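Source file: coords-v4.txt. Holds: compact mmCIF, C-alpha atoms.
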# COMPACT_ATOMS: atom_id res chain seq x y z
CA MET A 13 97.23 119.78 111.24
CA SER A 14 98.36 116.58 109.47
CA ILE A 15 101.64 118.19 108.58
CA CYS A 16 104.04 115.30 107.99
CA ALA A 17 101.53 113.14 106.07
CA ARG A 18 100.38 116.03 103.90
CA VAL A 19 103.93 117.10 103.02
CA SER A 20 105.03 113.55 102.18
CA GLU A 21 102.04 113.06 99.88
CA GLU A 22 102.56 116.42 98.17
CA LEU A 23 106.18 115.45 97.51
CA ALA A 24 105.03 112.10 96.06
CA GLU A 25 107.41 110.26 98.38
CA PRO A 26 107.41 106.57 97.34
CA LEU A 27 105.88 104.04 99.72
CA GLY A 28 107.98 101.06 98.66
CA GLY A 29 110.77 100.09 101.03
CA SER A 30 109.34 101.96 104.03
CA ALA A 31 107.69 99.14 106.01
CA PRO A 32 108.75 98.25 109.56
CA ARG A 33 111.20 95.36 109.76
CA ALA A 34 110.01 92.28 111.70
CA ALA A 35 109.94 88.56 110.97
CA ALA A 36 107.31 88.07 113.68
CA TRP A 37 104.90 90.18 115.74
CA LEU A 38 103.81 89.88 119.36
CA LEU A 39 100.64 91.94 119.80
CA ILE A 40 99.26 92.42 123.31
CA GLU A 41 95.85 93.92 124.04
CA GLN A 42 96.09 96.95 126.31
CA THR A 43 93.08 99.21 126.77
CA GLY A 44 93.22 102.84 127.84
CA PRO A 45 95.52 105.64 126.69
CA TRP A 46 99.04 105.07 125.38
CA GLY A 47 102.11 107.23 125.82
CA PRO A 48 104.73 107.80 123.10
CA ARG A 49 106.58 104.67 124.27
CA ALA A 50 103.47 102.65 124.89
CA LEU A 51 105.07 99.45 126.25
CA THR A 52 106.37 101.42 129.23
CA GLU A 53 103.99 104.40 129.18
CA SER A 54 100.47 103.01 129.48
CA HIS A 55 98.46 100.82 131.84
CA PHE A 56 100.59 97.91 130.65
CA HIS A 57 103.16 96.70 133.20
CA PRO A 58 106.18 98.98 132.57
CA GLU A 59 108.73 96.53 133.98
CA LEU A 60 107.35 93.75 131.79
CA GLY A 61 107.34 96.09 128.79
CA ARG A 62 111.02 96.86 129.27
CA GLU A 63 111.83 93.19 129.76
CA LEU A 64 110.00 92.16 126.59
CA GLN A 65 111.86 94.82 124.63
CA GLU A 66 115.15 93.47 125.96
CA ILE A 67 114.54 89.74 125.44
CA THR A 68 113.16 90.18 121.91
CA ARG A 69 116.07 92.36 120.75
CA GLY A 70 117.88 90.69 117.85
CA THR A 71 115.28 87.90 117.46
CA GLY A 72 113.26 89.45 114.64
CA VAL A 73 110.19 89.73 116.89
CA GLU A 74 108.49 93.14 117.21
CA VAL A 75 106.32 93.80 120.27
CA ALA A 76 103.38 96.23 120.14
CA LEU A 77 100.20 96.97 122.06
CA ILE A 78 96.77 96.79 120.45
CA ARG A 79 93.23 97.81 121.39
CA ARG A 80 89.82 97.80 119.77
CA PRO A 81 88.74 100.98 117.91
CA GLY A 82 86.65 103.49 119.83
CA ARG A 83 86.85 105.52 123.01
CA HIS A 84 89.56 104.51 125.48
CA ALA A 85 88.66 105.03 129.12
CA ASP A 86 91.57 105.91 131.40
CA CYS A 87 91.24 102.96 133.75
CA PRO A 88 93.30 99.80 134.30
CA PRO A 89 92.13 96.70 132.43
CA THR A 90 90.50 93.78 134.19
CA GLY A 91 90.17 90.15 133.17
CA GLU A 92 91.82 88.44 130.24
CA ARG A 93 93.44 90.15 127.30
CA THR A 94 93.91 88.98 123.71
CA VAL A 95 97.44 88.20 122.54
CA HIS A 96 98.29 87.54 118.90
CA LEU A 97 101.58 86.00 117.82
CA ALA A 98 102.30 86.04 114.08
CA HIS A 99 105.09 85.03 111.72
CA THR A 100 105.31 86.62 108.27
CA ALA A 101 107.77 84.69 106.02
CA PRO A 102 106.36 83.40 102.70
CA GLY A 103 105.15 79.82 103.00
CA ARG A 104 105.55 79.95 106.78
CA SER A 105 103.11 82.70 107.73
CA TRP A 106 100.77 81.99 110.63
CA ILE A 107 98.84 83.60 113.48
CA ARG A 108 98.40 82.10 116.94
CA THR A 109 95.95 83.61 119.43
CA ALA A 110 95.60 83.29 123.21
CA GLN A 111 93.57 84.84 126.02
CA LEU A 112 95.84 85.63 128.96
CA ALA A 113 94.98 86.78 132.44
CA ASP A 114 98.66 87.34 133.27
CA PRO A 115 100.86 88.61 130.41
CA HIS A 116 104.00 87.92 132.46
CA ILE A 117 104.02 84.36 131.07
CA LEU A 118 105.06 85.89 127.74
CA ARG A 119 108.57 86.19 129.17
CA ASP A 120 108.87 82.41 128.89
CA LEU A 121 108.40 82.29 125.11
CA ASP A 122 111.34 81.22 122.96
CA PHE A 123 111.61 84.39 120.89
CA ALA A 124 114.60 83.20 118.87
CA ALA A 125 112.52 80.22 117.72
CA ILE A 126 109.50 82.44 117.03
CA GLY A 127 111.66 84.74 114.90
CA SER A 128 112.68 81.72 112.81
CA GLY A 129 109.07 80.57 112.39
CA GLU A 130 108.40 78.13 115.27
CA HIS A 131 105.48 79.05 117.53
CA GLY A 132 106.12 76.29 120.08
CA GLY A 133 102.43 75.53 120.52
CA PHE A 134 101.52 78.99 121.81
CA GLY A 135 97.75 79.56 121.84
CA THR A 136 95.61 78.22 119.03
CA ALA A 137 95.58 78.81 115.29
CA HIS A 138 93.74 82.03 114.39
CA GLU A 139 90.65 81.55 112.24
CA GLY A 140 88.53 84.09 110.44
CA ASP A 141 89.40 87.49 109.00
CA PRO A 142 93.03 88.60 108.62
CA LEU A 143 94.24 90.96 111.33
CA ALA A 144 94.07 94.63 110.36
CA LEU A 145 96.26 96.80 112.59
CA VAL A 146 95.90 100.55 112.10
CA CYS A 147 98.47 102.85 113.72
CA THR A 148 96.59 105.36 115.91
CA ASN A 149 99.00 106.49 118.65
CA GLY A 150 98.51 110.25 118.70
CA ARG A 151 100.97 110.68 121.54
CA ARG A 152 103.66 109.48 119.15
CA ASP A 153 102.45 111.41 116.10
CA ARG A 154 99.24 113.36 115.58
CA CYS A 155 98.84 112.18 111.95
CA CYS A 156 98.33 108.65 113.23
CA ALA A 157 95.51 109.78 115.51
CA LEU A 158 93.83 112.25 113.14
CA LEU A 159 93.95 109.91 110.14
CA GLY A 160 94.28 106.45 111.70
CA ARG A 161 91.51 106.45 114.31
CA PRO A 162 88.68 107.35 111.90
CA LEU A 163 89.92 104.69 109.50
CA ALA A 164 90.01 101.99 112.19
CA SER A 165 86.53 102.94 113.38
CA GLU A 166 85.07 102.88 109.87
CA LEU A 167 86.58 99.47 109.10
CA ALA A 168 85.18 98.06 112.33
CA ALA A 169 81.76 99.60 111.65
CA ALA A 170 81.81 98.03 108.17
CA GLY A 171 81.90 94.61 109.80
CA HIS A 172 85.54 93.59 109.63
CA ALA A 173 85.85 91.55 112.82
CA GLU A 174 89.60 91.78 113.33
CA VAL A 175 90.36 95.51 113.25
CA TRP A 176 92.72 96.72 115.98
CA GLU A 177 94.47 99.95 116.77
CA VAL A 178 98.23 99.47 117.20
CA THR A 179 100.85 101.55 118.95
CA HIS A 180 103.49 101.97 116.26
CA LEU A 181 104.24 100.93 112.67
CA GLY A 182 106.82 103.58 111.79
CA GLY A 183 106.47 105.94 108.86
CA HIS A 184 104.10 108.46 110.46
CA ARG A 185 104.29 110.55 107.30
CA PHE A 186 102.54 107.77 105.38
CA ALA A 187 99.48 107.87 107.67
CA PRO A 188 97.05 106.30 107.82
CA THR A 189 99.13 103.14 107.88
CA MET A 190 97.91 99.57 108.33
CA LEU A 191 99.66 96.23 108.89
CA VAL A 192 97.83 93.09 107.73
CA LEU A 193 98.62 89.67 109.17
CA PRO A 194 99.51 86.88 108.66
CA TYR A 195 101.39 88.11 105.59
CA GLY A 196 103.05 91.12 107.23
CA TYR A 197 102.40 93.67 104.49
CA THR A 198 102.17 97.29 105.60
CA TYR A 199 100.10 99.82 103.63
CA GLY A 200 100.11 103.62 103.64
CA ARG A 201 98.04 106.65 102.62
CA LEU A 202 94.87 104.60 102.85
CA THR A 203 91.30 105.77 102.60
CA ALA A 204 88.32 103.78 103.81
CA PRO A 205 87.60 102.41 100.29
CA THR A 206 91.23 101.48 99.60
CA ALA A 207 91.63 99.91 103.06
CA LYS A 208 88.54 97.79 102.44
CA GLU A 209 90.01 96.79 99.08
CA VAL A 210 93.23 95.74 100.85
CA LEU A 211 91.35 93.66 103.42
CA GLU A 212 89.23 91.96 100.77
CA ALA A 213 92.39 91.10 98.83
CA THR A 214 94.15 89.86 101.97
CA HIS A 215 91.18 87.62 102.77
CA HIS A 216 91.74 85.93 99.40
CA GLY A 217 95.52 85.69 99.81
CA ARG A 218 96.39 88.66 97.58
CA ILE A 219 98.08 92.01 98.06
CA VAL A 220 97.39 95.45 96.56
CA ALA A 221 100.76 96.77 95.41
CA GLU A 222 99.57 100.33 94.74
CA PHE A 223 99.31 101.25 98.44
CA CYS A 224 101.90 98.82 99.81
CA ARG A 225 105.00 99.85 101.77
CA GLY A 226 106.52 96.36 101.89
CA ARG A 227 106.53 93.01 103.67
CA SER A 228 107.99 93.17 107.16
CA CYS A 229 110.08 90.00 106.88
CA TRP A 230 112.33 91.64 104.24
CA ASP A 231 114.94 94.33 104.73
CA ARG A 232 114.00 97.57 103.02
CA PRO A 233 115.92 97.01 99.75
CA GLY A 234 114.16 93.65 99.50
CA GLN A 235 110.80 95.30 100.18
CA ALA A 236 111.36 97.76 97.34
CA ALA A 237 112.49 95.01 94.94
CA GLU A 238 109.54 92.74 95.69
CA LEU A 239 107.06 95.56 95.14
CA ALA A 240 108.73 96.50 91.85
CA VAL A 241 108.16 92.95 90.59
CA ARG A 242 104.55 92.99 91.76
CA GLN A 243 103.85 96.35 90.13
CA ASN A 244 105.58 95.54 86.82
CA HIS A 245 104.43 91.94 86.45
CA ALA A 246 100.98 91.98 88.11
CA VAL A 247 101.88 89.46 90.83
CA GLU A 248 99.09 89.55 93.43
CA ASP A 249 99.50 86.21 95.26
CA ALA A 250 100.74 87.16 98.75
CA GLU A 251 102.90 84.07 99.14
CA ALA A 252 104.29 83.87 95.59
CA LEU A 253 107.57 85.77 95.96
CA THR A 254 110.76 85.28 97.96
CA VAL A 255 113.69 87.66 98.16
CA THR A 256 117.44 87.15 98.38
CA GLN A 257 119.45 90.30 99.02
CA ALA A 258 123.19 90.86 98.56
CA PRO A 259 125.62 93.76 97.98
CA ASP A 260 125.66 95.04 94.41
CA PRO A 261 128.47 93.09 92.66
CA ALA A 262 129.23 96.18 90.56
CA ALA A 263 129.93 98.14 93.75
CA PRO A 264 130.48 95.58 96.55
CA THR A 265 131.80 98.15 99.02
CA ASP A 266 129.01 100.67 98.45
CA PRO A 267 126.63 100.42 101.45
CA ASP A 268 123.88 102.17 99.48
CA ARG A 269 123.55 99.68 96.61
CA TRP A 270 122.12 96.15 96.57
CA SER A 271 121.43 93.39 94.10
CA VAL A 272 118.18 91.63 95.00
CA ARG A 273 116.94 88.39 93.45
CA VAL A 274 113.17 87.91 93.50
CA GLU A 275 111.86 84.41 92.82
CA HIS A 276 108.30 83.35 92.00
CA THR A 277 106.90 79.99 93.04
CA ASP A 278 106.18 79.31 89.34
CA GLY A 279 109.91 79.45 88.54
CA ARG A 280 110.19 83.00 87.21
CA MET A 281 113.05 85.13 88.57
CA TRP A 282 114.14 88.74 88.42
CA GLN A 283 117.25 90.67 89.39
CA ALA A 284 116.65 94.13 90.87
CA GLU A 285 119.32 96.75 91.46
CA VAL A 286 118.31 98.91 94.42
CA ARG A 287 119.86 102.20 95.46
CA ARG A 288 119.42 104.13 98.71
CA THR A 289 119.43 107.92 98.48
CA ALA A 290 118.37 110.80 100.68
CA ALA A 291 114.88 112.06 99.91
CA ALA A 292 114.91 115.72 98.91
CA PRO A 293 113.79 118.32 99.68
CA ALA A 294 113.78 117.91 103.46
CA ARG A 295 110.47 116.97 105.00
CA PRO A 296 109.33 116.13 108.56
CA GLU A 297 109.41 112.39 109.29
CA SER A 298 107.05 113.14 112.16
CA CYS A 299 104.90 116.13 113.06
CA LEU A 300 107.03 116.79 116.14
CA LYS A 301 110.40 116.59 114.36
CA ALA A 302 112.36 119.07 112.29
CA PRO A 303 112.53 118.47 108.53
CA THR A 304 115.17 115.99 107.41
CA THR A 305 116.09 113.90 104.37
CA PRO A 306 114.97 110.32 105.15
CA ASP A 307 116.25 107.31 103.24
CA ARG A 308 114.41 106.21 100.13
CA TYR A 309 114.95 102.96 98.22
CA ASP A 310 114.63 103.06 94.44
CA VAL A 311 114.77 100.12 92.04
CA VAL A 312 117.02 101.47 89.28
CA SER A 313 116.79 98.35 87.11
CA LEU A 314 114.69 95.18 87.01
CA THR A 315 115.81 92.35 84.75
CA GLY A 316 114.12 89.03 84.07
CA LEU A 317 116.29 85.94 84.55
CA PRO A 318 115.91 82.49 82.97
CA ALA A 319 113.12 80.66 84.75
CA GLN A 320 113.97 77.70 86.92
CA VAL A 321 112.40 74.52 85.60
CA CYS A 322 111.66 71.87 88.21
CA PRO A 323 112.56 68.36 87.00
CA THR A 324 109.64 66.08 86.24
CA PRO A 325 109.47 63.14 88.69
CA ALA A 326 110.33 59.81 87.07
Take the structure in the file and write it out as structure tokens.
Amino acid sequence: MSICARVSEELAEPLGGSAPRAAAWLLIEQTGPWGPRALTESHFHPELGRELQEITRGTGVEVALIRRPGRHADCPPTGERTVHLAHTAPGRSWIRTAQLADPHILRDLDFAAIGSGEHGGFGTAHEGDPLALVCTNGRRDRCCALLGRPLASELAAAGHAEVWEVTHLGGHRFAPTMLVLPYGYTYGRLTAPTAKEVLEATHHGRIVAEFCRGRSCWDRPGQAAELAVRQNHAVEDAEALTVTQAPDPAAPTDPDRWSVRVEHTDGRMWQAEVRRTAAAPARPESCLKAPTTPDRYDVVSLTGLPAQVCPTPA
């Protein structure tokens, strides 16, 4: 039944450059079942869900609902709920956590500031395991439920304390997919062993490029370029690379070509030429959609640049 995920894997569709785009994440605990548009189709307050979608638009903040793995009784929640707020830019990644009885106070957050990396004192600093958010919303795509829910349950049973189910990460055809915070890397086509490998690496500040879709703070050409550097130069440090993206100077009016500079904290630099094409043959992006040719982002060249040398202090 896992049609879209099976077809994508059989076609060897690349993972790089497919991650959701968000500088920051607002994750709100909501127990019970979720509809396809969970913020307005669940036991969460639908008016508040619509308002949060509106006031975060254009700020770089993505809002999603989360719940613990397991059975989800169809009854309204009572008491406090967990809220995680996270920012994902290199060198400025953080997680803040709060317990809220009334989520309506979230409307008062300065989302423009959050999108630029300022939490404004919300909650307290998260301590412990990185957050592991596995997409499981079967009402949006059945691959996420059939493949994501067992993965989330197995990770939780293995003792990882911060496993959550999440409403939507995009890329159903790459299920099971998982977002790890604070770094904001999304992974796809995971198994229980590879997901555990990812979480162990994340705990030590590293990423696993083989299963990675990209870092959410970058646009998709930047995601593809960063992963190409990691795969070709064995860069595992999660915070080591920054990305600067611009139109390809060889074709400045071509909207499907980019020149991306990737810089390492040790001074090394690379120039990646990225091209967007339509993936062929057609395949379903979701189990409930007709086959189409989604965008794919390929690094057509990767060139090392002279390393920057920081001056020695006098």
Identify the residues within 10 Å of coordinate (116.2, 87.4, 86.2) (same frame as the file), considering all atoms listed in the file, and give the answer as an MDAnalysis selection string. chainID A and resid 272:275 280:284 314:320
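We find CA of Gly217 (chain A) and CA of Glu251 (chain A) to be spaced 7.6 Å apart.
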For region 229-323 of chain A versus region 60-83 of chain A, which residues have an atom no more than 12 Å away, and what is each residue's nearest atom pair and distance in Å rounded to one decimal, using only C-alpha atoms, chain-then-number order, as a Markdown table?
| residue | atom | partner | partner_atom | distance |
| --- | --- | --- | --- | --- |
| A:Cys229 | CA | A:Gly72 | CA | 8.4 |
| A:Trp230 | CA | A:Gly72 | CA | 10.7 |
| A:Asp231 | CA | A:Gly72 | CA | 11.2 |
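Between CA of Ala164 (chain A) and CA of His184 (chain A) the separation is 15.6 Å.
Going from CA of Pro306 (chain A) to CA of Ala291 (chain A) covers 5.5 Å.
You can rank A:Asp266, A:Leu211, A:Leu191, A:Gln243 by their closest distance to Val178 (chain A) using all atoms listed in the file, and at the top of that list sits A:Leu191.
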Can you complete the atoms of region 287-299 of chain A to N, CA, C and O atoms and list them as a PDB file, in the frame of the given file?
ATOM      1  N   ARG A 287     118.958 101.154  94.978  1.00  0.00           N
ATOM      2  CA  ARG A 287     119.860 102.200  95.460  1.00  0.00           C
ATOM      3  C   ARG A 287     119.166 103.003  96.552  1.00  0.00           C
ATOM      4  O   ARG A 287     117.986 103.360  96.439  1.00  0.00           O
ATOM      5  N   ARG A 288     119.916 103.281  97.617  1.00  0.00           N
ATOM      6  CA  ARG A 288     119.420 104.130  98.710  1.00  0.00           C
ATOM      7  C   ARG A 288     119.959 105.543  98.510  1.00  0.00           C
ATOM      8  O   ARG A 288     121.147 105.753  98.313  1.00  0.00           O
ATOM      9  N   THR A 289     119.055 106.514  98.561  1.00  0.00           N
ATOM     10  CA  THR A 289     119.430 107.920  98.480  1.00  0.00           C
ATOM     11  C   THR A 289     118.685 108.687  99.559  1.00  0.00           C
ATOM     12  O   THR A 289     117.782 108.163 100.214  1.00  0.00           O
ATOM     13  N   ALA A 290     119.060 109.926  99.742  1.00  0.00           N
ATOM     14  CA  ALA A 290     118.370 110.800 100.680  1.00  0.00           C
ATOM     15  C   ALA A 290     117.232 111.506  99.957  1.00  0.00           C
ATOM     16  O   ALA A 290     117.444 112.097  98.889  1.00  0.00           O
ATOM     17  N   ALA A 291     116.035 111.405 100.514  1.00  0.00           N
ATOM     18  CA  ALA A 291     114.880 112.060  99.910  1.00  0.00           C
ATOM     19  C   ALA A 291     115.014 113.569 100.026  1.00  0.00           C
ATOM     20  O   ALA A 291     115.323 114.095 101.095  1.00  0.00           O
ATOM     21  N   ALA A 292     114.820 114.264  98.927  1.00  0.00           N
ATOM     22  CA  ALA A 292     114.910 115.720  98.910  1.00  0.00           C
ATOM     23  C   ALA A 292     113.681 116.281  98.202  1.00  0.00           C
ATOM     24  O   ALA A 292     113.120 115.634  97.317  1.00  0.00           O
ATOM     25  N   PRO A 293     113.254 117.490  98.607  1.00  0.00           N
ATOM     26  CA  PRO A 293     113.790 118.320  99.680  1.00  0.00           C
ATOM     27  C   PRO A 293     113.465 117.755 101.055  1.00  0.00           C
ATOM     28  O   PRO A 293     112.729 116.775 101.178  1.00  0.00           O
ATOM     29  N   ALA A 294     114.027 118.366 102.090  1.00  0.00           N
ATOM     30  CA  ALA A 294     113.780 117.910 103.460  1.00  0.00           C
ATOM     31  C   ALA A 294     112.301 117.983 103.772  1.00  0.00           C
ATOM     32  O   ALA A 294     111.594 118.883 103.328  1.00  0.00           O
ATOM     33  N   ARG A 295     111.864 117.013 104.561  1.00  0.00           N
ATOM     34  CA  ARG A 295     110.470 116.970 105.000  1.00  0.00           C
ATOM     35  C   ARG A 295     110.432 116.379 106.408  1.00  0.00           C
ATOM     36  O   ARG A 295     111.343 115.617 106.791  1.00  0.00           O
ATOM     37  N   PRO A 296     109.400 116.686 107.205  1.00  0.00           N
ATOM     38  CA  PRO A 296     109.330 116.130 108.560  1.00  0.00           C
ATOM     39  C   PRO A 296     108.960 114.652 108.519  1.00  0.00           C
ATOM     40  O   PRO A 296     107.972 114.274 107.899  1.00  0.00           O
ATOM     41  N   GLU A 297     109.761 113.799 109.174  1.00  0.00           N
ATOM     42  CA  GLU A 297     109.410 112.390 109.290  1.00  0.00           C
ATOM     43  C   GLU A 297     108.286 112.190 110.294  1.00  0.00           C
ATOM     44  O   GLU A 297     107.606 111.170 110.282  1.00  0.00           O
ATOM     45  N   SER A 298     108.114 113.153 111.177  1.00  0.00           N
ATOM     46  CA  SER A 298     107.050 113.140 112.160  1.00  0.00           C
ATOM     47  C   SER A 298     106.639 114.576 112.413  1.00  0.00           C
ATOM     48  O   SER A 298     107.435 115.506 112.228  1.00  0.00           O
ATOM     49  N   CYS A 299     105.391 114.765 112.845  1.00  0.00           N
ATOM     50  CA  CYS A 299     104.900 116.130 113.060  1.00  0.00           C
ATOM     51  C   CYS A 299     105.688 116.882 114.121  1.00  0.00           C
ATOM     52  O   CYS A 299     105.730 118.107 114.108  1.00  0.00           O
TER      53      CYS A 299
END
